[in-house]
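As provided, start.cif (mmCIF, C-alpha atoms) reads as follows.
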```cif
data_work
#
loop_
_atom_site.group_PDB
_atom_site.id
_atom_site.type_symbol
_atom_site.label_atom_id
_atom_site.label_comp_id
_atom_site.auth_asym_id
_atom_site.auth_seq_id
_atom_site.Cartn_x
_atom_site.Cartn_y
_atom_site.Cartn_z
ATOM 1 C CA MET A 1 26.248 4.957 -1.371
ATOM 2 C CA GLU A 2 26.432 5.247 -5.161
ATOM 3 C CA CYS A 3 23.283 3.113 -5.579
ATOM 4 C CA ALA A 4 21.372 5.331 -3.166
ATOM 5 C CA ARG A 5 22.513 8.436 -5.032
ATOM 6 C CA ALA A 6 21.403 6.911 -8.366
ATOM 7 C CA VAL A 7 17.932 6.267 -6.867
ATOM 8 C CA ALA A 8 17.668 9.918 -5.821
ATOM 9 C CA LEU A 9 18.796 11.160 -9.250
ATOM 10 C CA VAL A 10 16.302 8.941 -11.101
ATOM 11 C CA ALA A 11 13.551 10.114 -8.713
ATOM 12 C CA ARG A 12 14.452 13.735 -9.516
ATOM 13 C CA GLU A 13 14.095 13.025 -13.253
ATOM 14 C CA MET A 14 10.834 11.201 -12.648
ATOM 15 C CA LEU A 15 9.414 14.178 -10.738
ATOM 16 C CA LYS A 16 10.181 16.400 -13.741
ATOM 17 C CA THR A 17 8.064 14.139 -15.984
ATOM 18 C CA ILE A 18 5.289 13.349 -13.484
ATOM 19 C CA PRO A 19 4.976 16.578 -11.454
ATOM 20 C CA ASN A 20 2.055 15.589 -9.173
ATOM 21 C CA LEU A 21 3.939 12.811 -7.392
ATOM 22 C CA GLN A 22 4.341 13.178 -3.653
ATOM 23 C CA LEU A 23 6.902 11.274 -1.583
ATOM 24 C CA THR A 24 5.126 8.973 0.885
ATOM 25 C CA TYR A 25 8.018 6.785 2.048
ATOM 26 C CA SER A 26 11.774 6.803 1.760
ATOM 27 C CA GLU A 27 14.456 4.589 3.195
ATOM 28 C CA PRO A 28 17.325 7.051 3.667
ATOM 29 C CA HIS A 29 20.935 6.066 3.257
ATOM 30 C CA ASN A 30 22.527 9.371 4.114
ATOM 31 C CA GLN A 31 20.130 12.282 4.178
ATOM 32 C CA ALA A 32 22.919 14.885 4.043
ATOM 33 C CA ASP A 33 23.802 13.786 0.489
ATOM 34 C CA GLY A 34 20.172 13.275 -0.548
ATOM 35 C CA CYS A 35 20.684 9.539 -1.045
ATOM 36 C CA PHE A 36 17.851 7.026 -0.776
ATOM 37 C CA MET A 37 17.867 3.230 -0.965
ATOM 38 C CA SER A 38 14.146 3.129 -1.735
ATOM 39 C CA MET A 39 11.431 5.703 -2.427
ATOM 40 C CA THR A 40 7.632 5.432 -2.726
ATOM 41 C CA PHE A 41 5.494 8.102 -4.348
ATOM 42 C CA ALA A 42 1.741 8.585 -4.589
ATOM 43 C CA THR A 43 -0.558 10.782 -6.627
ATOM 44 C CA ASP A 44 -4.247 11.627 -6.565
ATOM 45 C CA GLU A 45 -4.360 11.861 -10.346
ATOM 46 C CA THR A 46 -4.375 9.043 -12.876
ATOM 47 C CA ILE A 47 -1.035 8.683 -14.607
ATOM 48 C CA PRO A 48 -1.372 8.190 -18.384
ATOM 49 C CA GLN A 49 -0.558 4.663 -19.549
ATOM 50 C CA SER A 50 2.081 5.998 -21.946
ATOM 51 C CA THR A 51 3.923 7.584 -19.020
ATOM 52 C CA VAL A 52 3.709 4.359 -17.004
ATOM 53 C CA LYS A 53 5.133 2.359 -19.933
ATOM 54 C CA GLY A 54 7.920 4.901 -20.350
ATOM 55 C CA TRP A 55 9.050 4.560 -16.737
ATOM 56 C CA GLN A 56 8.121 1.066 -15.539
ATOM 57 C CA GLY A 57 11.088 -1.278 -15.545
ATOM 58 C CA THR A 58 14.817 -0.705 -15.243
ATOM 59 C CA ILE A 59 16.315 2.774 -15.542
ATOM 60 C CA LEU A 60 20.012 3.208 -16.348
ATOM 61 C CA TRP A 61 22.032 6.051 -14.850
ATOM 62 C CA ARG A 62 25.392 6.295 -16.588
ATOM 63 C CA SER A 63 27.768 8.208 -14.357
ATOM 64 C CA THR A 64 30.163 10.718 -15.898
ATOM 65 C CA LYS A 65 31.755 11.552 -12.551
ATOM 66 C CA ASN A 66 31.729 9.565 -9.295
ATOM 67 C CA PRO A 67 32.675 11.629 -6.221
ATOM 68 C CA TYR A 68 32.348 8.580 -3.951
ATOM 69 C CA ARG A 69 34.987 6.430 -5.729
ATOM 70 C CA PRO A 70 36.721 8.630 -8.322
ATOM 71 C CA THR A 71 39.174 5.963 -9.566
ATOM 72 C CA HIS A 72 36.672 3.098 -9.819
ATOM 73 C CA LYS A 73 35.704 1.889 -13.311
ATOM 74 C CA ARG A 74 32.014 1.280 -12.653
ATOM 75 C CA SER A 75 29.822 3.838 -14.359
ATOM 76 C CA ASN A 76 26.425 2.107 -14.853
ATOM 77 C CA TRP A 77 23.796 2.168 -12.108
ATOM 78 C CA PHE A 78 20.440 0.441 -12.502
ATOM 79 C CA VAL A 79 17.264 1.532 -10.699
ATOM 80 C CA GLY A 80 13.957 -0.388 -10.760
ATOM 81 C CA VAL A 81 10.672 1.531 -11.124
ATOM 82 C CA SER A 82 7.261 -0.072 -10.543
ATOM 83 C CA PHE A 83 3.739 1.343 -10.519
ATOM 84 C CA PHE A 84 0.949 -0.014 -8.304
ATOM 85 C CA GLU A 85 -2.768 0.615 -8.135
ATOM 86 C CA GLU A 86 -4.070 2.073 -4.907
ATOM 87 C CA VAL A 87 -5.681 -0.433 -2.559
ATOM 88 C CA GLU A 88 -9.468 -0.190 -2.444
ATOM 89 C CA LEU A 89 -10.441 -0.207 1.231
ATOM 90 C CA LEU A 90 -13.943 -0.892 2.479
ATOM 91 C CA GLN A 91 -15.675 2.305 3.496
ATOM 92 C CA ILE A 92 -17.327 1.778 6.852
ATOM 93 C CA ASP A 93 -20.529 3.804 7.054
ATOM 94 C CA GLU A 94 -23.136 3.274 9.754
ATOM 95 C CA SER A 95 -25.969 3.566 7.213
ATOM 96 C CA ASP A 96 -24.622 0.505 5.334
ATOM 97 C CA ILE A 97 -25.149 -1.739 8.362
ATOM 98 C CA SER A 98 -28.484 -3.539 8.716
ATOM 99 C CA TYR A 99 -29.646 -5.623 11.651
ATOM 100 C CA GLU A 100 -31.763 -8.777 11.763
ATOM 101 C CA THR A 101 -33.115 -10.447 14.862
ATOM 102 C CA CYS A 102 -33.585 -14.177 15.371
ATOM 103 C CA ARG A 103 -33.991 -16.707 18.144
ATOM 104 C CA SER A 104 -30.826 -17.741 19.879
ATOM 105 C CA GLY A 105 -31.435 -21.429 20.545
ATOM 106 C CA GLY A 106 -29.442 -23.531 22.948
ATOM 107 C CA LYS A 107 -29.408 -23.163 26.726
ATOM 108 C CA GLY A 108 -31.435 -20.452 28.380
ATOM 109 C CA GLY A 109 -34.965 -21.755 28.799
ATOM 110 C CA GLN A 110 -38.119 -20.017 27.613
ATOM 111 C CA ASN A 111 -36.422 -16.661 26.938
ATOM 112 C CA VAL A 112 -34.076 -18.218 24.373
ATOM 113 C CA ASN A 113 -36.759 -20.332 22.705
ATOM 114 C CA LYS A 114 -39.546 -17.721 22.465
ATOM 115 C CA VAL A 115 -37.898 -14.278 22.226
ATOM 116 C CA GLU A 116 -35.727 -13.066 19.353
ATOM 117 C CA THR A 117 -32.687 -11.879 21.324
ATOM 118 C CA ALA A 118 -29.936 -12.821 18.860
ATOM 119 C CA VAL A 119 -28.839 -10.107 16.405
ATOM 120 C CA ARG A 120 -27.107 -10.424 13.043
ATOM 121 C CA ALA A 121 -25.316 -7.307 11.766
ATOM 122 C CA ILE A 122 -24.747 -7.167 7.993
ATOM 123 C CA HIS A 123 -22.514 -4.753 6.062
ATOM 124 C CA ALA A 124 -24.410 -4.453 2.752
ATOM 125 C CA PRO A 125 -21.580 -3.364 0.375
ATOM 126 C CA SER A 126 -19.242 -6.207 1.355
ATOM 127 C CA GLY A 127 -21.733 -8.851 2.502
ATOM 128 C CA VAL A 128 -19.799 -9.399 5.732
ATOM 129 C CA SER A 129 -22.008 -10.397 8.645
ATOM 130 C CA VAL A 130 -21.687 -11.398 12.294
ATOM 131 C CA LYS A 131 -24.195 -12.932 14.694
ATOM 132 C CA CYS A 132 -24.286 -12.240 18.404
ATOM 133 C CA SER A 133 -26.405 -14.154 20.914
ATOM 134 C CA GLU A 134 -24.353 -14.088 24.143
ATOM 135 C CA GLU A 135 -26.541 -11.651 26.061
ATOM 136 C CA ARG A 136 -30.179 -12.075 27.118
ATOM 137 C CA SER A 137 -31.029 -8.595 25.855
ATOM 138 C CA GLN A 138 -31.549 -7.830 22.171
ATOM 139 C CA SER A 139 -30.170 -4.293 22.586
ATOM 140 C CA GLN A 140 -26.977 -5.572 24.233
ATOM 141 C CA ASN A 141 -26.534 -8.148 21.462
ATOM 142 C CA LYS A 142 -27.035 -5.394 18.860
ATOM 143 C CA VAL A 143 -24.233 -3.321 20.406
ATOM 144 C CA LEU A 144 -21.917 -6.367 20.506
ATOM 145 C CA ALA A 145 -22.787 -7.338 16.918
ATOM 146 C CA ARG A 146 -22.016 -3.809 15.690
ATOM 147 C CA GLU A 147 -18.650 -3.775 17.495
ATOM 148 C CA ARG A 148 -17.692 -7.200 16.107
ATOM 149 C CA LEU A 149 -18.732 -6.258 12.578
ATOM 150 C CA LEU A 150 -16.669 -3.052 12.665
ATOM 151 C CA LEU A 151 -13.698 -5.012 14.006
ATOM 152 C CA LYS A 152 -14.055 -7.603 11.226
ATOM 153 C CA LEU A 153 -14.233 -4.870 8.556
ATOM 154 C CA ARG A 154 -11.148 -3.124 9.967
ATOM 155 C CA GLN A 155 -9.282 -6.439 9.952
ATOM 156 C CA GLN A 156 -10.188 -6.934 6.277
ATOM 157 C CA ASN A 157 -8.852 -3.450 5.485
ATOM 158 C CA ASP A 158 -5.651 -4.185 7.408
ATOM 159 C CA LYS A 159 -5.202 -7.454 5.472
ATOM 160 C CA ALA A 160 -5.683 -5.651 2.149
ATOM 161 C CA VAL A 161 -3.075 -3.026 3.065
ATOM 162 C CA ALA A 162 -0.621 -5.701 4.256
ATOM 163 C CA ALA A 163 -1.085 -7.712 1.043
ATOM 164 C CA SER A 164 -0.494 -4.610 -1.072
ATOM 165 C CA GLN A 165 2.657 -3.724 0.862
ATOM 166 C CA SER A 166 3.881 -7.297 0.474
ATOM 167 C CA ARG A 167 3.348 -7.168 -3.309
ATOM 168 C CA GLN A 168 5.183 -3.856 -3.484
ATOM 169 C CA TRP A 169 8.096 -5.110 -1.401
ATOM 170 C CA SER A 170 8.423 -8.299 -3.476
ATOM 171 C CA LYS A 171 8.946 -6.055 -6.536
ATOM 172 C CA HIS A 172 11.565 -4.109 -4.582
ATOM 173 C CA ASP A 173 14.265 -6.737 -5.076
ATOM 174 C CA ASN A 174 13.392 -7.648 -8.682
ATOM 175 C CA LEU A 175 15.853 -5.647 -10.738
ATOM 176 C CA GLU A 176 16.728 -6.687 -14.262
ATOM 177 C CA ARG A 177 20.126 -5.342 -15.231
ATOM 178 C CA GLY A 178 20.302 -4.368 -18.857
ATOM 179 C CA ASN A 179 17.512 -3.619 -21.323
ATOM 180 C CA PRO A 180 16.620 -0.285 -19.656
ATOM 181 C CA VAL A 181 13.420 1.555 -20.545
ATOM 182 C CA ARG A 182 15.201 4.888 -20.008
ATOM 183 C CA LYS A 183 18.807 6.050 -19.886
ATOM 184 C CA PHE A 184 20.281 9.074 -18.187
ATOM 185 C CA THR A 185 23.845 10.374 -18.163
ATOM 186 C CA GLY A 186 25.359 12.714 -15.588
ATOM 187 C CA PRO A 187 27.483 12.944 -12.459
ATOM 188 C CA LEU A 188 26.497 11.023 -9.336
#
```
Please, can you express the file's structure as structure tokens?
Amino acid sequence: MECARAVALVAREMLKTIPNLQLTYSEPHNQADGCFMSMTFATDETIPQSTVKGWQGTILWRSTKNPYRPTHKRSNWFVGVSFFEEVELLQIDESDISYETCRSGGKGGQNVNKVETAVRAIHAPSGVSVKCSEERSQSQNKVLARERLLLKLRQQNDKAVAASQSRQWSKHDNLERGNPVRKFTGPL
């Protein structure tokens, strides 16, 4: 409980210094006491590098009064602070998709060998492409190619978000006790 309270107190001090932060995620411990095991903030503005350096790392909260365990000797609480760049997701715009037609090849007789029914859909900004030749109709293949390309682009975005969340969570448990970048003193 004391750790969760220290996280909330450090977050309060951080919000005083960086006022445009907005809470996007919190893992509550006991919401009645305003205690959080983990908090994630976001901002639309660029945070100055000097501010990042002043907060990134371990923060020490030295407790002058502990209402949770009044007779306990422990008075130092360490909180880890990390900053992450926002994930750049592919913007999916219909005007960025181009289509090429080609012959399908394989089984299907004269229609496959002489008519360009296969369609390749290409997303220009990312270079991602898919080819569709299952149907005998070029228009049907174009619809399928578009759907598959959009699915592939969404999957890439999902992978990028998952990788970013994984990097953030791996930092979550890396706390270096001692050598704090900032120190605060006050009651828990």
message: To one decimal place in Å, what is the distance between atom CA of A:Leu188 and atom CA of A:Lys65?
response: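 Separation between atom CA of A:Leu188 and atom CA of A:Lys65: 6.2 Å.
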query: the PyMOL selection byres ((chain A and resi 72-76) around 9) on the file shown: which residues, as number ranges by chain?
result: A: 60-66, 69-71, 77-78
Selected residues, C-alpha atoms, written as a PDB file, in the frame of the given file, please.
```
ATOM      1  CA  LEU A  60      20.012   3.208 -16.348  1.00  0.00           C
ATOM      2  CA  TRP A  61      22.032   6.051 -14.850  1.00  0.00           C
ATOM      3  CA  ARG A  62      25.392   6.295 -16.588  1.00  0.00           C
ATOM      4  CA  SER A  63      27.768   8.208 -14.357  1.00  0.00           C
ATOM      5  CA  THR A  64      30.163  10.718 -15.898  1.00  0.00           C
ATOM      6  CA  LYS A  65      31.755  11.552 -12.551  1.00  0.00           C
ATOM      7  CA  ASN A  66      31.729   9.565  -9.295  1.00  0.00           C
ATOM      8  CA  ARG A  69      34.987   6.430  -5.729  1.00  0.00           C
ATOM      9  CA  PRO A  70      36.721   8.630  -8.322  1.00  0.00           C
ATOM     10  CA  THR A  71      39.174   5.963  -9.566  1.00  0.00           C
ATOM     11  CA  TRP A  77      23.796   2.168 -12.108  1.00  0.00           C
ATOM     12  CA  PHE A  78      20.440   0.441 -12.502  1.00  0.00           C
TER      13      PHE A  78
END
```
Closest atom pairs, stretch 144-187 of chain A residues within 10 Å of stretch 93-98 of chain A, all atoms listed in the file, as JSON lines:
```
{"residue": "A:Arg146", "atom": "CA", "partner": "A:Ile97", "partner_atom": "CA", "distance": 8.2}
{"residue": "A:Leu149", "atom": "CA", "partner": "A:Ile97", "partner_atom": "CA", "distance": 8.9}
{"residue": "A:Leu150", "atom": "CA", "partner": "A:Glu94", "partner_atom": "CA", "distance": 9.5}
```
- line: The residue from A:Cys132, A:Val79, A:Ile59, A:Ala124 with the smallest atom-to-atom distance to A:Met39, counting only C-alpha atoms, is A:Val79
- prompt: Which residue out of A:Gly54, A:Pro187, A:Pro19, A:Gly34 has the minimum interatomic distance to A:Ala4 when all atoms listed in the file are used?
  reply: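 Among the listed residues, the smallest separation from A:Ala4 belongs to A:Gly34.
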message: I need every residue sitting at most 12 Å from the point (14.5, 8.9, -10.4) (coordinates as in the file, only C-alpha atoms considered), written as number ranges by chain.
response: A: 3-18, 21, 23, 35-41, 55-61, 77-82, 182-184
query: Using only C-alpha atoms, which residue out of A:Ala160, A:Val128, A:Val119, A:Ile47 lies closest to A:Val143?
result: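 Using only C-alpha atoms, A:Val143 sits closest to A:Val119.
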